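Note: the block below is final27.cif and it holds mmCIF, C-alpha atoms and all ligand atoms.
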data_protein
#
loop_
_atom_site.label_atom_id
_atom_site.label_comp_id
_atom_site.auth_asym_id
_atom_site.auth_seq_id
_atom_site.Cartn_x
_atom_site.Cartn_y
_atom_site.Cartn_z
CA MET A 24 0.00 0.00 0.00
CA ARG A 25 1.88 3.04 -1.22
CA LEU A 26 -0.19 6.20 -1.48
CA LEU A 27 0.82 9.74 -2.36
CA LEU A 28 -1.67 12.34 -1.17
CA PHE A 29 -1.67 15.29 -3.53
CA GLY A 30 -3.45 18.65 -3.40
CA PRO A 31 -3.15 22.27 -2.32
CA PRO A 32 -2.30 23.28 1.26
CA GLY A 33 -5.24 22.89 3.65
CA VAL A 34 -7.20 20.42 1.56
CA GLY A 35 -7.16 17.79 4.32
CA LYS A 36 -4.23 15.60 3.26
CA GLY A 37 -2.73 15.56 6.76
CA THR A 38 -6.01 14.56 8.41
CA GLN A 39 -6.60 11.76 5.92
CA ALA A 40 -2.98 10.59 6.04
CA LYS A 41 -3.15 10.15 9.82
CA LEU A 42 -6.38 8.14 9.59
CA LEU A 43 -5.13 5.91 6.79
CA ALA A 44 -1.77 5.28 8.46
CA GLU A 45 -3.58 4.10 11.56
CA GLU A 46 -6.13 2.03 9.67
CA PHE A 47 -3.54 0.30 7.47
CA GLN A 48 -0.82 0.24 10.16
CA ILE A 49 1.79 1.82 7.90
CA PRO A 50 3.96 4.92 8.44
CA HIS A 51 2.80 8.41 7.51
CA TYR A 52 5.55 10.61 6.12
CA SER A 53 4.56 14.27 6.07
CA THR A 54 7.44 16.36 4.74
CA GLY A 55 5.92 19.46 6.41
CA ASP A 56 5.86 17.69 9.81
CA MET A 57 9.40 16.37 9.29
CA LEU A 58 10.62 19.89 8.56
CA ARG A 59 8.76 21.40 11.53
CA LEU A 60 10.38 18.81 13.82
CA ALA A 61 13.81 19.64 12.35
CA VAL A 62 13.19 23.38 12.89
CA ALA A 63 12.07 22.79 16.50
CA ALA A 64 15.14 20.62 17.17
CA GLY A 65 17.46 23.17 15.52
CA THR A 66 19.13 20.56 13.28
CA PRO A 67 21.15 21.69 10.20
CA LEU A 68 18.15 20.73 8.04
CA GLY A 69 15.83 22.80 10.25
CA GLN A 70 18.17 25.78 10.10
CA ALA A 71 18.34 25.55 6.31
CA ALA A 72 14.55 25.16 5.92
CA LYS A 73 13.20 27.70 8.41
CA SER A 74 13.31 30.91 6.38
CA PHE A 75 11.75 29.24 3.31
CA MET A 76 8.92 27.86 5.44
CA ASP A 77 8.28 31.12 7.27
CA ASN A 78 7.90 32.88 3.93
CA GLY A 79 5.56 30.28 2.44
CA GLN A 80 8.23 29.22 -0.07
CA LEU A 81 9.36 25.74 -0.98
CA VAL A 82 12.46 24.26 0.63
CA PRO A 83 15.07 23.43 -2.08
CA ASP A 84 14.51 20.17 -3.97
CA ASN A 85 17.86 18.58 -3.10
CA LEU A 86 17.17 18.79 0.65
CA MET A 87 13.64 17.42 0.26
CA ILE A 88 14.66 14.56 -2.03
CA ASN A 89 17.31 13.38 0.46
CA ILE A 90 14.85 13.33 3.38
CA VAL A 91 12.25 11.42 1.39
CA ARG A 92 14.76 8.93 -0.02
CA ASP A 93 15.98 8.12 3.51
CA ALA A 94 12.41 7.65 4.76
CA LEU A 95 11.11 5.51 1.91
CA THR A 96 14.11 3.21 1.71
CA SER A 97 14.08 2.56 5.47
CA PRO A 98 12.91 -0.88 6.72
CA ARG A 99 9.92 0.82 8.39
CA ALA A 100 8.51 1.69 4.97
CA ALA A 101 8.87 -1.81 3.54
CA ARG A 102 5.16 -2.74 3.96
CA GLY A 103 3.96 0.54 2.49
CA PHE A 104 3.45 4.16 3.51
CA ILE A 105 1.38 7.28 3.11
CA LEU A 106 3.37 10.17 1.67
CA ASP A 107 1.90 13.61 2.29
CA GLY A 108 3.34 16.90 1.03
CA PHE A 109 5.80 15.40 -1.45
CA PRO A 110 6.39 15.75 -4.40
CA ARG A 111 5.71 19.47 -4.69
CA THR A 112 7.72 20.16 -7.86
CA VAL A 113 8.24 18.25 -11.11
CA PRO A 114 11.95 17.59 -10.28
CA GLN A 115 10.81 16.08 -6.95
CA ALA A 116 8.30 13.88 -8.81
CA ARG A 117 11.04 12.68 -11.19
CA ALA A 118 13.34 11.91 -8.25
CA LEU A 119 10.52 9.96 -6.59
CA THR A 120 10.07 7.89 -9.75
CA GLU A 121 13.78 6.97 -9.45
CA ILE A 122 13.34 6.07 -5.78
CA PHE A 123 10.42 3.76 -6.66
CA ARG A 124 12.56 2.23 -9.40
CA ASP A 125 15.33 1.55 -6.84
CA LEU A 126 12.68 -0.12 -4.68
CA GLY A 127 12.05 -2.60 -7.50
CA ASP A 128 9.35 -0.67 -9.38
CA ALA A 129 7.14 -0.63 -6.33
CA PRO A 130 3.51 0.07 -7.37
CA TYR A 131 1.88 3.21 -5.99
CA ARG A 132 -1.12 5.47 -6.49
CA VAL A 133 -1.67 9.21 -6.32
CA ILE A 134 -4.81 10.43 -4.56
CA SER A 135 -5.60 13.93 -5.78
CA PHE A 136 -7.82 16.15 -3.58
CA ASP A 137 -9.95 18.39 -5.74
CA VAL A 138 -11.25 21.60 -4.11
CA ASP A 139 -12.14 25.25 -4.70
CA VAL A 140 -9.16 27.49 -3.81
CA ASP A 141 -11.25 30.28 -2.16
CA GLU A 142 -12.84 27.71 0.12
CA LEU A 143 -9.34 26.52 0.97
CA ILE A 144 -7.97 29.92 1.85
CA HIS A 145 -10.82 30.22 4.32
CA ARG A 146 -10.20 26.72 5.68
CA LEU A 147 -6.48 27.33 6.18
CA SER A 148 -6.96 30.58 8.02
CA SER A 149 -9.37 28.81 10.41
CA ARG A 150 -7.05 25.86 11.07
CA LEU A 151 -5.73 25.23 14.60
CA VAL A 152 -3.15 22.65 15.56
CA CYS A 153 -2.49 20.88 18.85
CA PRO A 154 1.24 21.43 19.60
CA LYS A 155 1.39 18.21 21.63
CA ASP A 156 -0.28 15.50 19.56
CA GLY A 157 -0.36 17.24 16.16
CA LYS A 158 -4.16 16.90 15.81
CA ILE A 159 -5.77 19.37 13.45
CA PHE A 160 -8.98 21.28 14.25
CA ASN A 161 -11.04 23.88 12.44
CA ARG A 162 -12.21 26.97 14.27
CA ASP A 163 -15.54 27.03 12.42
CA LEU A 164 -16.31 23.34 12.04
CA ASP A 165 -15.20 22.34 15.53
CA GLY A 166 -16.54 25.48 17.26
CA LEU A 167 -13.13 26.37 18.75
CA GLY A 168 -11.06 29.57 19.12
CA ALA A 169 -7.31 30.28 19.23
CA GLY A 170 -6.20 29.79 22.82
CA THR A 171 -8.85 27.13 23.49
CA LEU A 172 -7.75 23.72 24.58
CA CYS A 173 -7.28 20.48 22.67
CA PRO A 174 -10.37 18.36 23.46
CA ASP A 175 -8.14 15.27 23.65
CA CYS A 176 -5.07 16.32 25.65
CA GLY A 177 -5.87 19.80 27.04
CA SER A 178 -2.93 21.68 25.40
CA ALA A 179 -3.64 25.21 24.10
CA LEU A 180 -4.35 25.06 20.36
CA LEU A 181 -2.19 27.24 18.07
CA GLN A 182 -2.39 28.75 14.60
CA ARG A 183 0.64 27.74 12.53
CA ASP A 184 2.72 30.79 11.50
CA ASP A 185 2.35 29.81 7.87
CA ASP A 186 -1.48 29.67 8.19
CA LYS A 187 -1.61 33.45 8.68
CA PRO A 188 -3.46 35.15 5.77
CA GLU A 189 -0.45 36.71 3.99
CA THR A 190 1.54 33.49 4.05
CA VAL A 191 -1.51 31.48 2.97
CA ARG A 192 -1.82 33.61 -0.17
CA LYS A 193 1.90 33.09 -0.91
CA ARG A 194 1.60 29.31 -0.39
CA MET A 195 -1.35 29.19 -2.80
CA SER A 196 0.54 31.04 -5.51
CA VAL A 197 3.56 28.73 -5.04
CA TYR A 198 1.13 25.80 -5.31
CA ARG A 199 -0.33 27.06 -8.59
CA GLU A 200 3.06 27.77 -10.12
CA LYS A 201 5.26 24.91 -8.89
CA THR A 202 3.06 22.11 -7.56
CA ALA A 203 0.01 21.96 -9.85
CA PRO A 204 2.18 20.75 -12.81
CA VAL A 205 3.04 17.64 -10.75
CA LEU A 206 -0.54 16.45 -11.26
CA THR A 207 -0.09 16.48 -15.04
CA TYR A 208 3.11 14.45 -14.57
CA TYR A 209 1.15 11.73 -12.72
CA GLU A 210 -1.89 11.94 -15.01
CA ASN A 211 0.41 11.15 -17.90
CA LEU A 212 1.58 8.06 -16.00
CA GLY A 213 -2.08 7.04 -15.40
CA LEU A 214 -1.64 6.93 -11.61
CA VAL A 215 -4.18 9.50 -10.42
CA PHE A 216 -7.44 8.95 -8.53
CA THR A 217 -9.43 12.06 -7.67
CA VAL A 218 -11.46 12.60 -4.50
CA ASP A 219 -13.75 15.49 -3.59
CA GLY A 220 -11.70 17.54 -1.11
CA ALA A 221 -14.81 19.49 -0.05
CA ALA A 222 -16.63 16.38 1.23
CA SER A 223 -16.57 15.44 4.93
CA VAL A 224 -13.53 13.76 6.50
CA ASP A 225 -15.51 10.56 6.81
CA ILE A 226 -16.67 10.44 3.19
CA VAL A 227 -13.20 11.23 1.81
CA ASN A 228 -11.70 8.58 4.10
CA ARG A 229 -14.12 5.92 2.84
CA GLU A 230 -13.52 6.93 -0.77
CA ILE A 231 -9.73 6.64 -0.41
CA LYS A 232 -9.98 3.30 1.38
CA ALA A 233 -12.15 1.90 -1.41
CA LEU A 234 -9.59 3.05 -4.00
CA ALA A 235 -6.70 1.70 -1.96
CA GLU A 236 -8.31 -1.71 -1.48
CA GLU A 237 -9.00 -1.91 -5.19
CA HIS A 238 -5.34 -1.09 -5.86
CA ARG A 239 -4.22 -3.73 -3.35
CA GLU A 240 -6.34 -6.45 -4.96
CA ARG A 241 -4.76 -5.95 -8.39
P1 LIG B 1 2.96 21.53 4.76
O1 LIG B 1 2.77 21.28 6.21
O2 LIG B 1 2.97 20.28 3.94
O3 LIG B 1 2.03 22.56 4.21
O4 LIG B 1 4.46 22.13 4.61
C1 LIG B 1 4.85 23.31 5.29
C2 LIG B 1 6.03 23.95 4.57
O5 LIG B 1 7.14 23.04 4.53
C3 LIG B 1 5.78 24.31 3.11
O6 LIG B 1 5.14 25.57 2.98
C4 LIG B 1 7.21 24.34 2.57
O7 LIG B 1 7.91 25.50 2.97
C5 LIG B 1 7.84 23.15 3.30
N1 LIG B 1 7.69 21.88 2.54
C6 LIG B 1 6.97 20.79 2.90
N2 LIG B 1 7.06 19.82 1.96
C7 LIG B 1 7.84 20.31 0.99
C8 LIG B 1 8.30 19.81 -0.26
N3 LIG B 1 7.97 18.58 -0.71
N4 LIG B 1 9.11 20.62 -1.02
C9 LIG B 1 9.47 21.83 -0.59
N5 LIG B 1 9.06 22.38 0.56
C10 LIG B 1 8.26 21.63 1.36
#

Would you mind writing the structure in this file as structure tokens?
Ligand code: AMP
Amino acid sequence: MRLLLFGPPGVGKGTQAKLLAEEFQIPHYSTGDMLRLAVAAGTPLGQAAKSFMDNGQLVPDNLMINIVRDALTSPRAARGFILDGFPRTVPQARALTEIFRDLGDAPYRVISFDVDVDELIHRLSSRLVCPKDGKIFNRDLDGLGAGTLCPDCGSALLQRDDDKPETVRKRMSVYREKTAPVLTYYENLGLVFTVDGAASVDIVNREIKALAEEHRER
């Protein structure tokens, strides 16, 4: 089970990736989470990535490709994985094709989340994250406010710096320019399944599971 979750920032990839990883008992690799951990720990990678992230820009391809290669070729990933947030450029997608080739032409599928961008900008600016367990909430949908507490662990929920309106607009324009062409790359390879990113978490989850099971049976 190797799934790449693809779509603009805030479409719900992280939420779905966490559910699927738990349901299928396989690792979830979120390049955004990996970078945030590296920034928090002050590692050389974190130091190199921080200013790009704070400005809503992409971290250079060579750094990203190395992190993802290490993750996907590790024994932990041998039974499958959910990859979320990578590839975000066509050179990253090409490098990933090479990595899959090195893994013996491992089969994989791309799940593309389709959604209206205005709706997304709104969704991103209302997103709150639990700093302790990484759970994602939505101010409107979950009836919460910044400074309120995580219903599960009681930590104060935060807004990510890059979810602030100015940075959100920058991230969307980077998405349109650099990341959207990745979808064409995978469409040409015939690997894309599309889900409705505006549907509820539950519906999208069921849709992806049905696609994944179908892919597993082949
Ligand atoms: P995310 O949580 O996936 O929205 O990622 C947060 C930030 O991390 C992005 O805005 C980028 O600065 C950086 N990032 C995450 N994944 C990648 C990637 N595949 N390529 C380049 N930058 C990335």

Exercise for review: Name all residues at most 10 Å from A:Ala94 (count all atoms listed in the file; drop same-chain ones fewer than 3 positions away) and give them as a PyMOL selection string.
Suggested key: chain A and resi 50+52+88-91+97-100+104+106

Practice item. Using all atoms listed in the file, find each protein or nucleic acid residue lying at most 8 Å from ligand LIG 1 (chain B); present the set as JSON, numbers by chain. Key: {"A": [32, 33, 37, 53, 54, 55, 56, 58, 59, 72, 73, 75, 76, 77, 78, 79, 80, 81, 82, 83, 84, 87, 88, 107, 108, 109, 110, 111, 112, 115, 185, 194]}

Could you write out as JSON the box around stretch 167-178 of chain A (axis-aligned, all atoms listed in the file, 5 Å on each side), with centre and edge lengths in Å to one decimal?
{"center_x": -8.0, "center_y": 22.8, "center_z": 22.9, "size_x": 20.2, "size_y": 25.0, "size_z": 18.3}

**Study point:** For atom CA of A:Leu180 and atom CA of A:Ser149, the interatomic separation in Å (one decimal)
**Key:**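 Interatomic distance, atom CA of A:Leu180 to atom CA of A:Ser149: 11.8 Å.
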
Exercise for review: To one decimal in Å, tell me the separation between atom CA of A:Asn228 and atom CA of A:Pro130.
Suggested key: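 It comes out at 20.9 Å.
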
Exercise for review: May I ask which of the residues A:Leu147, A:Asp175, A:Ala235, A:Phe216 is the closest one to A:Arg162, counting only C-alpha atoms?
Suggested key: A:Leu147

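Our summary of the geometry notes that atom CA of A:Ala64 is positioned 15.9 Å from atom CA of A:Gly157.
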
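Every protein, DNA or RNA residue with an atom at most 12 Å from A:Arg102, where all atoms listed in the file count and chain neighbours fewer than 4 positions away do not, is listed here: Met24, Arg25, Leu26, Ala44, Phe47, Gln48, Ile49, Pro50, His51, Leu95, Thr96, Ser97, Pro98, Leu126, Ala129, Pro130 and Arg239 of chain A.
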
Revision key, fill the gap. Shortest contact to A:Leu214, candidates A:Thr190, A:Thr171, A:Ser135, A:Asn85, atoms counted all atoms listed in the file, goes to A:Ser135

Review point. Which is closest to A:Tyr198 among A:Val140, A:Glu236, A:Ile134, A:Leu86, if we use all atoms listed in the file?
Key: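 Among A:Val140, A:Glu236, A:Ile134, A:Leu86, it is A:Val140 that comes nearest to A:Tyr198.
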
Exercise for review: Could you check which of A:Ala222, A:Pro154, A:Ala203, A:Val227 is closest to A:Ala116, using all atoms listed in the file?
Suggested key: A:Ala203

Point to revise | Close residues, stretch 163-165 of chain A itself excluded, 12 Å, only C-alpha atoms, min 2 positions apart in chain, as a list in words | key: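 Selected residues are His145, Arg146, Leu147, Ser148, Ser149, Arg150, Leu151, Ile159, Phe160, Asn161, Leu167, Gly168, Ala169, Thr171, Leu172, Cys173, Pro174, Ser223 and Val224 of chain A.
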
Practice item. Considering only C-alpha atoms, state which residue in the set A:Ala40, A:Val191, A:Val133, A:Ile231 is at the smallest distance from A:Glu210. Key: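 The closest residue to A:Glu210 is A:Val133.
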
Keeping just C-alpha atoms, export stretch 134-227 of chain A of this structure as a PDB file, in the first residue's frame.
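Saved to selection-v2.pdb:
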ATOM      1  CA  ILE A 134      -4.810  10.434  -4.556  1.00  0.00           C
ATOM      2  CA  SER A 135      -5.597  13.927  -5.782  1.00  0.00           C
ATOM      3  CA  PHE A 136      -7.815  16.145  -3.582  1.00  0.00           C
ATOM      4  CA  ASP A 137      -9.954  18.393  -5.740  1.00  0.00           C
ATOM      5  CA  VAL A 138     -11.247  21.603  -4.115  1.00  0.00           C
ATOM      6  CA  ASP A 139     -12.142  25.247  -4.704  1.00  0.00           C
ATOM      7  CA  VAL A 140      -9.162  27.491  -3.806  1.00  0.00           C
ATOM      8  CA  ASP A 141     -11.253  30.282  -2.162  1.00  0.00           C
ATOM      9  CA  GLU A 142     -12.835  27.705   0.123  1.00  0.00           C
ATOM     10  CA  LEU A 143      -9.336  26.516   0.968  1.00  0.00           C
ATOM     11  CA  ILE A 144      -7.965  29.921   1.851  1.00  0.00           C
ATOM     12  CA  HIS A 145     -10.818  30.221   4.322  1.00  0.00           C
ATOM     13  CA  ARG A 146     -10.205  26.719   5.680  1.00  0.00           C
ATOM     14  CA  LEU A 147      -6.475  27.332   6.177  1.00  0.00           C
ATOM     15  CA  SER A 148      -6.959  30.581   8.023  1.00  0.00           C
ATOM     16  CA  SER A 149      -9.367  28.809  10.412  1.00  0.00           C
ATOM     17  CA  ARG A 150      -7.048  25.858  11.072  1.00  0.00           C
ATOM     18  CA  LEU A 151      -5.735  25.235  14.598  1.00  0.00           C
ATOM     19  CA  VAL A 152      -3.147  22.647  15.559  1.00  0.00           C
ATOM     20  CA  CYS A 153      -2.487  20.882  18.852  1.00  0.00           C
ATOM     21  CA  PRO A 154       1.238  21.428  19.601  1.00  0.00           C
ATOM     22  CA  LYS A 155       1.389  18.215  21.631  1.00  0.00           C
ATOM     23  CA  ASP A 156      -0.278  15.498  19.558  1.00  0.00           C
ATOM     24  CA  GLY A 157      -0.359  17.243  16.159  1.00  0.00           C
ATOM     25  CA  LYS A 158      -4.160  16.897  15.809  1.00  0.00           C
ATOM     26  CA  ILE A 159      -5.774  19.367  13.453  1.00  0.00           C
ATOM     27  CA  PHE A 160      -8.984  21.280  14.255  1.00  0.00           C
ATOM     28  CA  ASN A 161     -11.037  23.877  12.437  1.00  0.00           C
ATOM     29  CA  ARG A 162     -12.210  26.971  14.272  1.00  0.00           C
ATOM     30  CA  ASP A 163     -15.541  27.030  12.420  1.00  0.00           C
ATOM     31  CA  LEU A 164     -16.313  23.344  12.037  1.00  0.00           C
ATOM     32  CA  ASP A 165     -15.195  22.344  15.531  1.00  0.00           C
ATOM     33  CA  GLY A 166     -16.543  25.477  17.259  1.00  0.00           C
ATOM     34  CA  LEU A 167     -13.126  26.369  18.747  1.00  0.00           C
ATOM     35  CA  GLY A 168     -11.058  29.570  19.119  1.00  0.00           C
ATOM     36  CA  ALA A 169      -7.312  30.280  19.227  1.00  0.00           C
ATOM     37  CA  GLY A 170      -6.201  29.786  22.824  1.00  0.00           C
ATOM     38  CA  THR A 171      -8.847  27.131  23.493  1.00  0.00           C
ATOM     39  CA  LEU A 172      -7.753  23.716  24.576  1.00  0.00           C
ATOM     40  CA  CYS A 173      -7.279  20.484  22.667  1.00  0.00           C
ATOM     41  CA  PRO A 174     -10.371  18.361  23.462  1.00  0.00           C
ATOM     42  CA  ASP A 175      -8.142  15.268  23.647  1.00  0.00           C
ATOM     43  CA  CYS A 176      -5.069  16.321  25.648  1.00  0.00           C
ATOM     44  CA  GLY A 177      -5.868  19.798  27.040  1.00  0.00           C
ATOM     45  CA  SER A 178      -2.933  21.676  25.400  1.00  0.00           C
ATOM     46  CA  ALA A 179      -3.639  25.212  24.099  1.00  0.00           C
ATOM     47  CA  LEU A 180      -4.348  25.063  20.359  1.00  0.00           C
ATOM     48  CA  LEU A 181      -2.194  27.237  18.071  1.00  0.00           C
ATOM     49  CA  GLN A 182      -2.395  28.746  14.605  1.00  0.00           C
ATOM     50  CA  ARG A 183       0.642  27.741  12.528  1.00  0.00           C
ATOM     51  CA  ASP A 184       2.720  30.792  11.503  1.00  0.00           C
ATOM     52  CA  ASP A 185       2.349  29.812   7.873  1.00  0.00           C
ATOM     53  CA  ASP A 186      -1.477  29.671   8.193  1.00  0.00           C
ATOM     54  CA  LYS A 187      -1.612  33.454   8.678  1.00  0.00           C
ATOM     55  CA  PRO A 188      -3.463  35.148   5.766  1.00  0.00           C
ATOM     56  CA  GLU A 189      -0.451  36.712   3.993  1.00  0.00           C
ATOM     57  CA  THR A 190       1.545  33.492   4.051  1.00  0.00           C
ATOM     58  CA  VAL A 191      -1.506  31.475   2.973  1.00  0.00           C
ATOM     59  CA  ARG A 192      -1.817  33.610  -0.175  1.00  0.00           C
ATOM     60  CA  LYS A 193       1.899  33.089  -0.909  1.00  0.00           C
ATOM     61  CA  ARG A 194       1.603  29.311  -0.388  1.00  0.00           C
ATOM     62  CA  MET A 195      -1.351  29.187  -2.803  1.00  0.00           C
ATOM     63  CA  SER A 196       0.544  31.035  -5.514  1.00  0.00           C
ATOM     64  CA  VAL A 197       3.559  28.726  -5.038  1.00  0.00           C
ATOM     65  CA  TYR A 198       1.133  25.803  -5.313  1.00  0.00           C
ATOM     66  CA  ARG A 199      -0.332  27.057  -8.589  1.00  0.00           C
ATOM     67  CA  GLU A 200       3.059  27.774 -10.122  1.00  0.00           C
ATOM     68  CA  LYS A 201       5.261  24.907  -8.892  1.00  0.00           C
ATOM     69  CA  THR A 202       3.062  22.109  -7.564  1.00  0.00           C
ATOM     70  CA  ALA A 203       0.008  21.964  -9.850  1.00  0.00           C
ATOM     71  CA  PRO A 204       2.178  20.747 -12.806  1.00  0.00           C
ATOM     72  CA  VAL A 205       3.042  17.643 -10.755  1.00  0.00           C
ATOM     73  CA  LEU A 206      -0.541  16.454 -11.260  1.00  0.00           C
ATOM     74  CA  THR A 207      -0.089  16.485 -15.037  1.00  0.00           C
ATOM     75  CA  TYR A 208       3.107  14.451 -14.570  1.00  0.00           C
ATOM     76  CA  TYR A 209       1.145  11.728 -12.722  1.00  0.00           C
ATOM     77  CA  GLU A 210      -1.893  11.945 -15.006  1.00  0.00           C
ATOM     78  CA  ASN A 211       0.412  11.152 -17.904  1.00  0.00           C
ATOM     79  CA  LEU A 212       1.577   8.061 -16.002  1.00  0.00           C
ATOM     80  CA  GLY A 213      -2.082   7.040 -15.402  1.00  0.00           C
ATOM     81  CA  LEU A 214      -1.643   6.928 -11.612  1.00  0.00           C
ATOM     82  CA  VAL A 215      -4.182   9.503 -10.418  1.00  0.00           C
ATOM     83  CA  PHE A 216      -7.439   8.948  -8.531  1.00  0.00           C
ATOM     84  CA  THR A 217      -9.433  12.062  -7.674  1.00  0.00           C
ATOM     85  CA  VAL A 218     -11.458  12.600  -4.501  1.00  0.00           C
ATOM     86  CA  ASP A 219     -13.751  15.494  -3.591  1.00  0.00           C
ATOM     87  CA  GLY A 220     -11.700  17.543  -1.110  1.00  0.00           C
ATOM     88  CA  ALA A 221     -14.810  19.491  -0.048  1.00  0.00           C
ATOM     89  CA  ALA A 222     -16.625  16.382   1.228  1.00  0.00           C
ATOM     90  CA  SER A 223     -16.574  15.439   4.931  1.00  0.00           C
ATOM     91  CA  VAL A 224     -13.529  13.764   6.504  1.00  0.00           C
ATOM     92  CA  ASP A 225     -15.513  10.558   6.814  1.00  0.00           C
ATOM     93  CA  ILE A 226     -16.673  10.436   3.193  1.00  0.00           C
ATOM     94  CA  VAL A 227     -13.204  11.227   1.813  1.00  0.00           C
TER      95      VAL A 227
END
